[in-house]
$ cat data07.cif   # mmCIF, C-alpha atoms and all ligand atoms
data_start
loop_
_atom_site.label_atom_id
_atom_site.label_comp_id
_atom_site.auth_asym_id
_atom_site.auth_seq_id
_atom_site.Cartn_x
_atom_site.Cartn_y
_atom_site.Cartn_z
CA MET A 21 15.39 -23.36 14.15
CA THR A 22 15.92 -19.59 13.73
CA GLU A 23 12.80 -17.48 14.11
CA LYS A 24 11.27 -16.06 10.96
CA ILE A 25 11.52 -12.34 10.32
CA ARG A 26 8.11 -10.75 10.36
CA VAL A 27 6.68 -8.63 7.56
CA PHE A 28 3.62 -6.36 7.83
CA SER A 29 1.86 -4.16 5.32
CA GLY A 30 -1.65 -2.91 4.64
CA ILE A 31 -3.78 -0.89 2.26
CA ARG A 32 -6.85 1.30 2.91
CA PRO A 33 -10.12 0.07 1.36
CA THR A 34 -10.75 3.49 -0.20
CA ASN A 35 -11.20 2.27 -3.78
CA ILE A 36 -10.29 -0.51 -6.23
CA LEU A 37 -6.52 -1.09 -6.22
CA ASN A 38 -4.63 0.66 -8.98
CA ILE A 39 -1.36 -0.05 -10.77
CA GLY A 40 0.40 2.37 -8.37
CA ASN A 41 -0.59 0.25 -5.38
CA TYR A 42 0.24 -2.89 -7.35
CA LEU A 43 3.71 -1.89 -8.52
CA GLY A 44 4.61 0.11 -5.41
CA ALA A 45 3.37 -2.15 -2.63
CA ILE A 46 1.83 -5.45 -3.73
CA LYS A 47 4.81 -6.55 -5.87
CA GLY A 48 6.90 -6.36 -2.70
CA TRP A 49 4.31 -8.39 -0.77
CA LEU A 50 4.42 -11.08 -3.45
CA GLU A 51 8.22 -11.17 -3.43
CA PHE A 52 8.34 -11.54 0.36
CA GLN A 53 5.74 -14.31 0.62
CA GLU A 54 8.04 -16.54 -1.47
CA ARG A 55 10.85 -16.29 1.07
CA PRO A 56 10.86 -19.12 3.63
CA ASP A 57 12.71 -16.94 6.17
CA LEU A 58 9.83 -14.45 6.34
CA ASP A 59 6.44 -14.53 8.07
CA CYS A 60 4.08 -12.19 6.17
CA LEU A 61 0.96 -10.48 7.53
CA TYR A 62 -1.07 -8.39 5.09
CA SER A 63 -4.06 -6.41 6.28
CA ALA A 64 -7.02 -4.53 4.86
CA VAL A 65 -6.54 -1.47 7.06
CA ASP A 66 -10.16 -0.36 7.37
CA LEU A 67 -9.53 1.84 10.44
CA HIS A 68 -7.25 4.05 8.34
CA GLY A 69 -9.84 4.24 5.57
CA ILE A 70 -12.39 6.03 7.75
CA THR A 71 -10.06 9.01 8.24
CA SER A 72 -11.03 10.10 4.71
CA PRO A 73 -14.62 10.87 3.63
CA TYR A 74 -16.43 7.56 3.03
CA GLU A 75 -19.91 6.05 2.81
CA SER A 76 -20.62 3.76 5.76
CA LYS A 77 -23.30 1.79 3.87
CA LYS A 78 -20.80 0.87 1.15
CA TYR A 79 -17.80 0.33 3.40
CA GLN A 80 -18.24 -3.38 4.14
CA ASN A 81 -18.35 -4.08 0.40
CA GLN A 82 -15.21 -2.03 -0.14
CA ILE A 83 -13.37 -3.98 2.57
CA GLN A 84 -14.46 -7.33 1.10
CA GLU A 85 -13.52 -6.11 -2.38
CA LEU A 86 -10.02 -5.23 -1.22
CA VAL A 87 -9.62 -8.73 0.23
CA LEU A 88 -10.75 -10.23 -3.11
CA GLU A 89 -8.13 -8.10 -4.83
CA TYR A 90 -5.39 -9.23 -2.41
CA LEU A 91 -6.22 -12.82 -3.34
CA ALA A 92 -6.54 -11.94 -7.03
CA VAL A 93 -3.07 -10.41 -7.30
CA GLY A 94 -1.62 -13.59 -5.84
CA ILE A 95 -1.37 -13.10 -2.09
CA ASP A 96 -1.50 -16.77 -1.18
CA PRO A 97 -3.20 -17.70 2.10
CA ASN A 98 -0.89 -20.72 2.33
CA LYS A 99 2.13 -18.42 2.36
CA SER A 100 0.78 -15.19 3.95
CA HIS A 101 -1.76 -14.26 6.61
CA ILE A 102 -4.56 -11.99 5.38
CA PHE A 103 -6.80 -10.19 7.88
CA ILE A 104 -8.95 -7.13 8.48
CA GLN A 105 -7.36 -4.56 10.79
CA SER A 106 -10.44 -3.69 12.88
CA GLN A 107 -10.89 -7.38 13.74
CA VAL A 108 -7.68 -7.20 15.78
CA PRO A 109 -8.55 -4.31 18.13
CA GLU A 110 -5.21 -4.66 19.93
CA HIS A 111 -3.82 -2.33 17.22
CA ILE A 112 -5.91 0.51 18.66
CA GLU A 113 -4.84 -0.14 22.23
CA LEU A 114 -1.15 -0.20 21.34
CA ALA A 115 -1.61 2.99 19.31
CA TYR A 116 -2.88 4.74 22.42
CA TYR A 117 0.15 3.67 24.46
CA LEU A 118 2.51 4.76 21.69
CA SER A 119 0.75 8.12 21.42
CA THR A 120 1.77 8.91 24.97
CA ILE A 121 5.46 8.80 24.07
CA TYR A 122 5.33 10.88 20.88
CA PRO A 123 5.16 14.67 20.34
CA VAL A 124 2.08 16.12 18.64
CA SER A 125 4.26 18.70 16.87
CA ARG A 126 6.08 15.96 14.90
CA LEU A 127 2.77 14.55 13.67
CA GLU A 128 1.54 17.98 12.58
CA GLN A 129 4.65 18.49 10.47
CA LEU A 130 4.36 15.26 8.49
CA PRO A 131 4.00 15.87 4.73
CA THR A 132 1.28 13.21 4.46
CA TYR A 133 -0.85 15.02 7.07
CA LYS A 134 -0.31 18.38 5.39
CA ASP A 135 -1.27 16.91 1.97
CA LYS A 136 -4.45 15.31 3.32
CA LYS A 137 -5.43 18.58 5.01
CA GLN A 138 -5.31 20.24 1.60
CA GLU A 139 -7.06 17.38 -0.18
CA GLN A 140 -9.94 17.13 2.32
CA PRO A 141 -10.23 20.56 4.02
CA ARG A 142 -13.68 19.72 5.45
CA TYR A 143 -12.51 16.45 6.96
CA ILE A 144 -9.50 17.29 9.11
CA ASN A 145 -10.20 14.91 11.97
CA MET A 146 -8.15 13.63 14.90
CA GLY A 147 -7.87 10.24 13.17
CA LEU A 148 -5.97 11.85 10.32
CA LEU A 149 -3.39 13.28 12.69
CA TYR A 150 -3.31 9.96 14.54
CA TYR A 151 -2.86 7.94 11.32
CA PRO A 152 0.94 7.46 11.70
CA VAL A 153 0.51 6.45 15.35
CA LEU A 154 -1.97 3.73 14.42
CA MET A 155 0.26 2.72 11.53
CA ALA A 156 3.23 2.39 13.87
CA ALA A 157 1.06 0.20 16.11
CA ASP A 158 0.00 -1.91 13.08
CA ILE A 159 3.66 -2.68 12.48
CA LEU A 160 5.05 -2.84 16.01
CA ILE A 161 2.31 -5.04 17.42
CA TYR A 162 3.76 -7.83 15.26
CA LYS A 163 7.35 -6.74 15.92
CA ALA A 164 7.64 -6.59 12.15
CA LYS A 165 11.08 -5.76 10.80
CA LEU A 166 10.16 -5.32 7.15
CA VAL A 167 7.39 -3.17 5.67
CA PRO A 168 6.94 -3.30 1.88
CA VAL A 169 5.35 0.05 0.91
CA GLY A 170 5.48 2.80 -1.69
CA LYS A 171 7.68 5.87 -1.33
CA ASP A 172 4.84 8.06 -0.02
CA GLN A 173 4.77 5.99 3.15
CA LEU A 174 8.42 6.57 4.11
CA PRO A 175 7.68 9.39 6.61
CA HIS A 176 5.24 7.06 8.40
CA ILE A 177 7.83 4.31 8.64
CA GLU A 178 10.21 6.86 10.13
CA VAL A 179 7.60 7.63 12.82
CA ALA A 180 7.32 3.92 13.61
CA ARG A 181 11.11 3.69 13.91
CA GLU A 182 11.23 6.69 16.24
CA MET A 183 8.47 5.23 18.38
CA ALA A 184 10.23 1.87 18.63
CA ARG A 185 13.44 3.62 19.71
CA SER A 186 11.66 5.85 22.17
CA PHE A 187 9.69 2.97 23.72
CA ASN A 188 12.80 0.79 24.02
CA LYS A 189 14.71 3.63 25.67
CA SER A 190 12.00 4.31 28.24
CA PHE A 191 10.81 0.79 29.02
CA GLY A 192 13.51 -1.63 27.86
CA GLN A 193 14.22 -3.41 24.58
CA THR A 194 10.86 -4.49 23.12
CA PHE A 195 10.48 -3.54 19.46
CA PRO A 196 12.79 -3.95 16.47
CA GLU A 197 13.14 -0.82 14.32
CA PRO A 198 11.07 -1.60 11.20
CA GLN A 199 12.54 -0.96 7.76
CA ALA A 200 10.68 0.09 4.64
CA HIS A 201 11.21 -2.09 1.58
CA LEU A 202 10.84 -0.18 -1.69
CA MET A 203 10.25 -1.75 -5.09
CA LYS A 204 11.25 -0.44 -8.51
CA GLY A 205 7.72 1.01 -8.82
CA ALA A 206 7.89 2.74 -5.43
CA TYR A 207 6.63 5.97 -6.94
CA ILE A 208 4.11 5.70 -9.76
CA PRO A 209 3.16 9.12 -11.09
CA SER A 210 -0.40 10.19 -11.81
CA LEU A 211 -1.79 9.83 -15.35
CA THR A 212 -2.23 13.59 -15.32
CA GLY A 213 1.53 13.95 -15.05
CA GLU A 214 1.17 15.80 -11.74
CA GLY A 215 1.74 14.17 -8.37
CA LYS A 216 1.35 10.48 -7.61
CA MET A 217 -1.24 7.97 -8.72
CA SER A 218 -3.82 7.71 -5.93
CA LYS A 219 -6.89 5.58 -5.29
CA SER A 220 -8.89 8.65 -4.26
CA LYS A 221 -8.03 10.72 -7.37
CA PRO A 222 -10.09 9.25 -10.23
CA ASP A 223 -8.17 10.99 -13.04
CA SER A 224 -4.86 9.75 -11.73
CA PHE A 225 -5.11 5.98 -12.02
CA ILE A 226 -5.55 2.80 -14.04
CA SER A 227 -7.39 0.39 -11.76
CA LEU A 228 -6.58 -3.32 -11.59
CA LEU A 229 -10.11 -4.05 -12.84
CA ASP A 230 -10.06 -1.78 -15.92
CA ASP A 231 -10.72 -3.44 -19.30
CA LEU A 232 -8.60 -2.82 -22.40
CA LYS A 233 -10.89 -0.10 -23.79
CA THR A 234 -10.84 1.83 -20.50
CA ILE A 235 -7.04 1.57 -20.27
CA GLU A 236 -6.75 2.83 -23.86
CA LYS A 237 -9.08 5.75 -23.09
CA LYS A 238 -7.16 6.67 -19.94
CA LEU A 239 -3.77 6.52 -21.65
CA ALA A 240 -5.12 8.57 -24.54
CA LYS A 241 -5.73 11.41 -22.07
CA VAL A 242 -2.16 11.48 -20.71
CA PRO A 243 -0.75 14.87 -21.72
CA THR A 244 2.20 14.70 -24.12
CA ASP A 245 4.29 17.04 -26.28
CA ASN A 246 5.35 17.06 -29.95
CA GLY A 247 7.46 13.92 -29.39
CA HIS A 248 10.85 15.39 -30.05
CA ASP A 249 13.50 17.37 -28.15
CA LYS A 250 17.23 17.47 -27.42
CA VAL A 251 16.73 16.32 -23.82
CA LEU A 252 14.30 13.89 -22.24
CA PRO A 253 11.50 15.40 -20.12
CA LYS A 254 12.12 15.41 -16.37
CA GLU A 255 8.45 15.66 -15.39
CA GLY A 256 4.90 15.48 -16.74
CA GLY A 257 2.91 13.00 -18.82
CA VAL A 258 5.70 11.87 -21.16
CA LEU A 259 7.88 10.91 -18.22
CA SER A 260 4.93 8.99 -16.71
CA LEU A 261 4.37 7.12 -20.00
CA LEU A 262 8.04 6.15 -20.30
CA ASN A 263 7.96 5.02 -16.69
CA PHE A 264 4.99 2.72 -17.43
CA VAL A 265 6.74 1.39 -20.52
CA GLU A 266 9.74 0.38 -18.44
CA LEU A 267 7.60 -1.32 -15.79
CA PHE A 268 5.23 -3.16 -18.14
CA GLN A 269 7.32 -3.65 -21.30
CA GLY A 270 10.90 -3.54 -20.04
CA LEU A 271 13.88 -1.19 -20.04
CA GLU A 272 14.87 -1.97 -23.63
CA LYS A 273 11.54 -0.80 -24.99
CA LYS A 274 11.78 2.39 -22.97
CA GLN A 275 15.28 3.06 -24.30
CA GLU A 276 14.01 2.50 -27.85
CA TYR A 277 11.36 5.20 -27.33
CA GLU A 278 13.84 7.54 -25.68
CA LYS A 279 16.13 7.23 -28.68
CA LEU A 280 13.27 8.11 -31.02
CA TYR A 281 12.41 11.11 -28.85
CA LEU A 282 15.96 12.40 -29.13
CA THR A 283 16.26 11.73 -32.88
CA THR A 284 13.49 11.32 -35.45
CA GLY A 285 10.56 11.80 -33.06
CA LEU A 286 8.19 9.62 -31.05
CA GLN A 287 4.62 8.70 -32.10
CA TYR A 288 2.55 8.68 -28.91
CA GLY A 289 -0.47 7.04 -30.55
CA ASP A 290 1.48 3.84 -31.22
CA LEU A 291 3.23 3.92 -27.85
CA LYS A 292 -0.07 4.31 -25.98
CA LYS A 293 -1.84 1.51 -27.89
CA ASP A 294 1.02 -0.92 -27.33
CA LEU A 295 1.36 0.04 -23.69
CA ALA A 296 -2.38 -0.39 -23.08
CA LYS A 297 -2.15 -3.94 -24.44
CA SER A 298 0.80 -4.82 -22.19
CA ILE A 299 -0.89 -3.42 -19.10
CA TYR A 300 -4.11 -5.30 -19.85
CA GLN A 301 -2.17 -8.52 -20.43
CA GLU A 302 -0.89 -8.30 -16.86
CA LEU A 303 -4.28 -7.31 -15.41
CA GLN A 304 -6.51 -9.84 -17.17
CA PRO A 305 -5.47 -12.90 -15.09
CA ILE A 306 -5.87 -10.80 -11.92
CA GLN A 307 -9.43 -9.92 -12.96
CA GLU A 308 -10.24 -13.58 -13.61
CA LYS A 309 -8.90 -14.62 -10.22
CA ARG A 310 -10.87 -11.85 -8.51
CA ASN A 311 -14.06 -13.27 -10.04
CA TYR A 312 -13.08 -16.79 -8.95
CA TYR A 313 -12.89 -15.68 -5.30
CA ALA A 314 -15.99 -13.47 -5.59
CA ASP A 315 -17.92 -16.67 -6.31
CA ARG A 316 -16.50 -18.36 -3.18
CA PRO A 317 -17.42 -16.14 -0.19
CA LYS A 318 -17.17 -19.05 2.28
CA GLU A 319 -13.59 -19.80 1.29
CA VAL A 320 -12.70 -16.10 1.60
CA ALA A 321 -14.35 -15.89 5.05
CA GLU A 322 -12.28 -18.88 6.21
CA ILE A 323 -9.06 -17.31 4.95
CA LEU A 324 -9.87 -14.13 6.87
CA GLU A 325 -10.76 -16.02 10.04
CA ASP A 326 -7.46 -17.94 9.91
CA GLY A 327 -5.64 -14.65 9.40
CA ARG A 328 -7.49 -12.97 12.26
CA LYS A 329 -6.67 -15.79 14.68
CA TYR A 330 -3.00 -15.82 13.74
CA ALA A 331 -2.67 -12.04 14.02
CA SER A 332 -4.66 -11.85 17.28
CA ASN A 333 -2.41 -14.36 19.04
CA ILE A 334 0.72 -12.34 18.29
CA ALA A 335 -1.01 -9.03 19.05
CA ARG A 336 -2.24 -10.21 22.46
CA GLU A 337 1.26 -11.38 23.44
CA THR A 338 2.83 -8.05 22.47
CA LEU A 339 0.19 -6.03 24.33
CA LYS A 340 0.72 -8.11 27.47
CA GLU A 341 4.45 -7.39 27.33
CA VAL A 342 3.89 -3.68 26.64
CA LYS A 343 1.45 -3.25 29.54
CA GLU A 344 3.82 -4.99 31.93
CA LYS A 345 6.76 -2.86 30.80
CA MET A 346 4.73 0.34 31.09
CA GLY A 347 3.66 -0.53 34.61
CA LEU A 348 0.02 -1.01 33.71
CA THR A 349 -0.09 -4.60 34.97
CA SER A 350 2.04 -6.61 37.35
CA ASN A 351 4.37 -9.11 35.73
CA GLY A 352 4.02 -11.62 38.55
N1 LIG A 401 1.54 6.18 -6.77
C1 LIG A 401 2.04 5.21 -6.06
N2 LIG A 401 3.20 4.62 -6.41
C2 LIG A 401 3.73 3.60 -5.69
N3 LIG A 401 3.15 3.12 -4.56
C3 LIG A 401 2.00 3.67 -4.16
N4 LIG A 401 1.18 3.43 -3.13
C4 LIG A 401 0.13 4.28 -3.18
N5 LIG A 401 0.24 5.08 -4.25
C5 LIG A 401 1.39 4.73 -4.88
C6 LIG A 401 1.42 2.42 -2.13
O1 LIG A 401 0.28 1.56 -2.08
C7 LIG A 401 -0.06 1.32 -0.71
C8 LIG A 401 -1.43 1.94 -0.49
O2 LIG A 401 -1.65 2.21 0.81
P1 LIG A 401 -2.87 3.06 1.37
O3 LIG A 401 -4.12 2.79 0.64
O4 LIG A 401 -2.92 2.74 2.82
O5 LIG A 401 -2.48 4.58 1.25
P2 LIG A 401 -1.92 5.57 0.21
O6 LIG A 401 -0.44 5.49 0.22
O7 LIG A 401 -2.49 6.90 0.57
O8 LIG A 401 -2.47 5.08 -1.20
P3 LIG A 401 -3.39 5.79 -2.23
O9 LIG A 401 -3.54 4.93 -3.43
O10 LIG A 401 -2.90 7.19 -2.49
O11 LIG A 401 -4.74 5.83 -1.47
P4 LIG A 401 -5.68 7.02 -1.00
O12 LIG A 401 -6.04 7.76 -2.25
O13 LIG A 401 -6.83 6.34 -0.37
O14 LIG A 401 -4.93 7.88 -0.04
C9 LIG A 401 1.05 1.95 0.14
O15 LIG A 401 2.09 1.03 0.38
C10 LIG A 401 1.52 3.06 -0.76
O16 LIG A 401 2.84 3.48 -0.47
#

$ encode --input "data07.cif" --output "C-alpha cells" --more "lines below"
Ligand code: AQP
Amino acid sequence: MTEKIRVFSGIRPTNILNIGNYLGAIKGWLEFQERPDLDCLYSAVDLHGITSPYESKKYQNQIQELVLEYLAVGIDPNKSHIFIQSQVPEHIELAYYLSTIYPVSRLEQLPTYKDKKQEQPRYINMGLLYYPVLMAADILIYKAKLVPVGKDQLPHIEVAREMARSFNKSFGQTFPEPQAHLMKGAYIPSLTGEGKMSKSKPDSFISLLDDLKTIEKKLAKVPTDNGHDKVLPKEGGVLSLLNFVELFQGLEKKQEYEKLYLTTGLQYGDLKKDLAKSIYQELQPIQEKRNYYADRPKEVAEILEDGRKYASNIARETLKEVKEKMGLTSNG
C-alpha cells in the first residue's frame, strides 16, 4: 500500500471564523479530507494566537469555539484529525531547532511581519518574528506536503520550504518541501474595499455566525459608486461585491451584473439584498451544526483527544529523527 500524502493547516483562535477564512482556507480543507490518498491534520493554532493582543481569561473559550466551528463547517473527525497546537509541544521544540538554521534578517523582511508591526505597534514581540519559524515546524513535524491556506500565507510557506531545504542539505534528507494549495477564494477582500478580510478587523468581515439582518447591514455599508462606467472597477467595494457574487451566486450572476454596470447601470440595493440571502443560505446550516456540537462537549473533547494522540505519535517520531540527525542524541 502506498503511504498517504500528509496535509496540515491551522487557524489562530483570534475571533469567530469569517467568510475569508472559510473560502480561502477551509474550503480547501474540506476538499482534501474527501481524498483517500491524503491524511489531513487540522489544528487550532493557539500558540500563534498569543502573538497578537488577547485576553487570557477568554482564550480557552475562543479555542473551544474555533474547534466547534471546524466541526460546524464540516471538518469530519472520521476523515481528518483535529487537535489543539499547544497540546503537541513537539512543535515548539522543532521550531527551536529550525530557528538555528535560518537567518533573522529574512524573518524581519517578511511582509506579514511588517504588516503586523504596523497593526499592533505596542505588541511587537519575539513571538511575532518567530511566527513563521513555528509555522514551518507545525508543517514539517508532520512531514506534510500540502498546506491549504489563503494567499496571505504564501510567504510563510516559502519560509517552510527554505527551512526544509536547508535542513536536508545540512543533515541529510528528512523533510519534503511543503506546497501551498490555493482555492478560488484565496484572497477575499475586506468589506471596506481596502486590504483583505481579517478576523481581527471588525469592519472587514462577515462572520460565519452572522444572521441575515447582520449580513444585510454589513453589505449595506460596502462603499459603491453610481453603478455605471465604461470599464469595470479594478479595486474597492464594487470589486469586492462582484467577487462575493461570483463565490456565493456563481460566475453567470456576476457577469450579468458586470454587463449592467457597463450598459444601463447596476442597482446596488438589489444586488446587496440578493447577495445577503445567498450568503446566509450557506451559513445557516453551519450555524445549526455549531450549536449541535456546542451541546455535546464530551463528544468534542473525545475528538480532540483522538486528534492529539494521532498528532503526538507522528511528532515524537519526527523529533527523534531530527535530534539524531543534528547530533543531539546518539542513534544507537
Ligand atoms: N481575506 C482572506 N481571504 C482568503 N483567505 C484568508 N485567510 C485569512 N484571511 C483571508 C486564510 O484563513 C486562514 C486563517 O489563518 P490565521 O488565523 O492563522 O491567520 P491570518 O491569515 O492572519 O487570518 P486572519 O483572518 O487575517 O486573522 P487575524 O486577523 O487573526 O490575523 C489562513 O489560511 C489564511 O490564509

$ residues_around --input "data07.cif" --residues "A:Leu259" --least-positions-apart "5" --cutoff "12 Å" --atoms "only C-alpha atoms" --output "MDAnalysis selection string"
chainID A and resid 208:214 242:245 247 251:254 264:266 274 277:278 281

$ closest_atom_pairs --input "data07.cif" --of "stretch 271-312 of chain A" --to "stretch 78-100 of chain A" --cutoff "9 Å" --atoms "all atoms listed in the file" --output "CSV"
residue,atom,partner,partner_atom,distance
A:Leu303,CA,A:Val93,CA,8.8
A:Pro305,CA,A:Ala92,CA,8.2
A:Ile306,CA,A:Ala92,CA,5.1
A:Gln307,CA,A:Ala92,CA,6.9
A:Glu308,CA,A:Ala92,CA,7.7
A:Lys309,CA,A:Ala92,CA,4.8
A:Arg310,CA,A:Ala92,CA,4.6
A:Asn311,CA,A:Ala92,CA,8.2
A:Tyr312,CA,A:Ala92,CA,8.4

$ atom_distance --input "data07.cif" --atom1 "atom CA of A:Leu280" --atom2 "atom CA of A:Lys241"
21.3 Å

$ atom_distance --input "data07.cif" --atom1 "atom P3 of ligand LIG 401 (chain A)" --atom2 "atom CA of A:Lys136"
11.1 Å

$ closest_residue --input "data07.cif" --among "A:Cys60, A:Val320, A:Leu239, A:Leu262" --to "A:Gly289" --atoms "only C-alpha atoms"
A:Leu239

$ residues_near_ligand --input "data07.cif" --ligand "ligand LIG 401 (chain A)" --cutoff "8 Å" --atoms "all atoms listed in the file" --output "PyMOL selection string"
chain A and resi 29-35+37-46+65+68-69+72+168-174+205-210+216-221

$ closest_residue --input "data07.cif" --among "A:Gly215, A:Gly285, A:Pro222, A:Gly147" --to "A:Asp249" --atoms "all atoms listed in the file"
A:Gly285

$ closest_residue --input "data07.cif" --among "A:Leu67, A:Met346, A:Ile102, A:Tyr74" --to "A:Ile323" --atoms "all atoms listed in the file"
A:Ile102

$ atom_distance --input "data07.cif" --atom1 "atom CA of A:Lys233" --atom2 "atom CA of A:His248"
27.4 Å

$ closest_residue --input "data07.cif" --among "A:Thr284, A:Met183, A:Phe195, A:Phe225" --to "A:Asn246" --atoms "all atoms listed in the file"
A:Thr284

$ residues_around --input "data07.cif" --residues "A:Leu118" --least-positions-apart "4" --cutoff "9 Å" --atoms "all atoms listed in the file" --output "ChimeraX atom specification"
/A:113-114,122,153-154,156-157,183-184,187

$ closest_atom_pairs --input "data07.cif" --of "stretch 61-165 of chain A" --to "stretch 197-200 of chain A" --cutoff "10 Å" --atoms "only C-alpha atoms" --output "CSV"
residue,atom,partner,partner_atom,distance
A:Ala156,CA,A:Pro198,CA,9.2
A:Ile159,CA,A:Pro198,CA,7.6
A:Leu160,CA,A:Pro198,CA,7.8
A:Lys163,CA,A:Pro198,CA,7.9
A:Ala164,CA,A:Pro198,CA,6.1
A:Lys165,CA,A:Pro198,CA,4.2

$ write_last_selection --input "data07.cif" --atoms "C-alpha atoms" --output "PDB file, keeping the file's coordinate frame"
ATOM      1  CA  ALA A 156       3.230   2.390  13.870  1.00  0.00           C
ATOM      2  CA  ILE A 159       3.660  -2.680  12.480  1.00  0.00           C
ATOM      3  CA  LEU A 160       5.050  -2.840  16.010  1.00  0.00           C
ATOM      4  CA  LYS A 163       7.350  -6.740  15.920  1.00  0.00           C
ATOM      5  CA  ALA A 164       7.640  -6.590  12.150  1.00  0.00           C
ATOM      6  CA  LYS A 165      11.080  -5.760  10.800  1.00  0.00           C
TER       7      LYS A 165
END

$ closest_residue --input "data07.cif" --among "A:Ile144, A:Asn263, A:Tyr117, A:Pro175" --to "A:Pro131" --atoms "only C-alpha atoms"
A:Pro175

$ decode --input "data07.cif" --residues "stretch 32-38 of chain A" --atoms "all heavy atoms" --output "PDB file, in the first residue's frame"
ATOM      1  N   ARG A  32      -5.653  30.626  13.659  1.00  0.00           N
ATOM      2  CA  ARG A  32      -5.496  31.201  15.009  1.00  0.00           C
ATOM      3  C   ARG A  32      -6.870  31.459  15.630  1.00  0.00           C
ATOM      4  O   ARG A  32      -7.767  31.976  14.946  1.00  0.00           O
ATOM      5  CB  ARG A  32      -4.780  32.557  14.925  1.00  0.00           C
ATOM      6  CG  ARG A  32      -3.563  32.557  14.068  1.00  0.00           C
ATOM      7  CD  ARG A  32      -2.676  33.726  14.316  1.00  0.00           C
ATOM      8  NE  ARG A  32      -3.280  35.041  14.132  1.00  0.00           N
ATOM      9  CZ  ARG A  32      -2.782  36.142  14.674  1.00  0.00           C
ATOM     10  NH1 ARG A  32      -1.729  36.061  15.479  1.00  0.00           N
ATOM     11  NH2 ARG A  32      -3.320  37.313  14.457  1.00  0.00           N
ATOM     12  N   PRO A  33      -7.005  31.146  16.934  1.00  0.00           N
ATOM     13  CA  PRO A  33      -8.322  31.387  17.580  1.00  0.00           C
ATOM     14  C   PRO A  33      -8.478  32.852  17.988  1.00  0.00           C
ATOM     15  O   PRO A  33      -8.740  33.154  19.149  1.00  0.00           O
ATOM     16  CB  PRO A  33      -8.307  30.464  18.798  1.00  0.00           C
ATOM     17  CG  PRO A  33      -6.878  30.154  19.060  1.00  0.00           C
ATOM     18  CD  PRO A  33      -6.067  30.467  17.839  1.00  0.00           C
ATOM     19  N   THR A  34      -8.315  33.763  17.043  1.00  0.00           N
ATOM     20  CA  THR A  34      -8.354  35.186  17.377  1.00  0.00           C
ATOM     21  C   THR A  34      -9.760  35.768  17.341  1.00  0.00           C
ATOM     22  O   THR A  34     -10.003  36.829  17.914  1.00  0.00           O
ATOM     23  CB  THR A  34      -7.441  35.991  16.422  1.00  0.00           C
ATOM     24  OG1 THR A  34      -7.625  35.501  15.094  1.00  0.00           O
ATOM     25  CG2 THR A  34      -5.988  35.865  16.785  1.00  0.00           C
ATOM     26  N   ASN A  35     -10.673  35.096  16.647  1.00  0.00           N
ATOM     27  CA  ASN A  35     -12.066  35.559  16.591  1.00  0.00           C
ATOM     28  C   ASN A  35     -12.894  34.485  15.883  1.00  0.00           C
ATOM     29  O   ASN A  35     -12.335  33.511  15.366  1.00  0.00           O
ATOM     30  CB  ASN A  35     -12.150  36.880  15.818  1.00  0.00           C
ATOM     31  CG  ASN A  35     -13.389  37.696  16.180  1.00  0.00           C
ATOM     32  OD1 ASN A  35     -14.321  37.189  16.815  1.00  0.00           O
ATOM     33  ND2 ASN A  35     -13.404  38.947  15.780  1.00  0.00           N
ATOM     34  N   ILE A  36     -14.216  34.702  15.828  1.00  0.00           N
ATOM     35  CA  ILE A  36     -15.082  33.810  15.059  1.00  0.00           C
ATOM     36  C   ILE A  36     -14.564  33.745  13.618  1.00  0.00           C
ATOM     37  O   ILE A  36     -14.108  34.765  13.094  1.00  0.00           O
ATOM     38  CB  ILE A  36     -16.537  34.380  15.002  1.00  0.00           C
ATOM     39  CG1 ILE A  36     -17.041  34.787  16.386  1.00  0.00           C
ATOM     40  CG2 ILE A  36     -17.480  33.434  14.277  1.00  0.00           C
ATOM     41  CD1 ILE A  36     -17.581  33.710  17.227  1.00  0.00           C
ATOM     42  N   LEU A  37     -14.639  32.585  12.991  1.00  0.00           N
ATOM     43  CA  LEU A  37     -14.200  32.484  11.591  1.00  0.00           C
ATOM     44  C   LEU A  37     -15.066  33.374  10.708  1.00  0.00           C
ATOM     45  O   LEU A  37     -16.257  33.561  10.982  1.00  0.00           O
ATOM     46  CB  LEU A  37     -14.316  31.037  11.104  1.00  0.00           C
ATOM     47  CG  LEU A  37     -13.345  30.028  11.713  1.00  0.00           C
ATOM     48  CD1 LEU A  37     -13.627  28.638  11.173  1.00  0.00           C
ATOM     49  CD2 LEU A  37     -11.903  30.427  11.423  1.00  0.00           C
ATOM     50  N   ASN A  38     -14.462  33.891   9.652  1.00  0.00           N
ATOM     51  CA  ASN A  38     -15.237  34.713   8.718  1.00  0.00           C
ATOM     52  C   ASN A  38     -15.237  34.074   7.328  1.00  0.00           C
ATOM     53  O   ASN A  38     -14.574  33.052   7.104  1.00  0.00           O
ATOM     54  CB  ASN A  38     -14.702  36.145   8.705  1.00  0.00           C
ATOM     55  CG  ASN A  38     -13.250  36.212   8.267  1.00  0.00           C
ATOM     56  OD1 ASN A  38     -12.888  35.664   7.235  1.00  0.00           O
ATOM     57  ND2 ASN A  38     -12.410  36.872   9.053  1.00  0.00           N
TER      58      ASN A  38
END
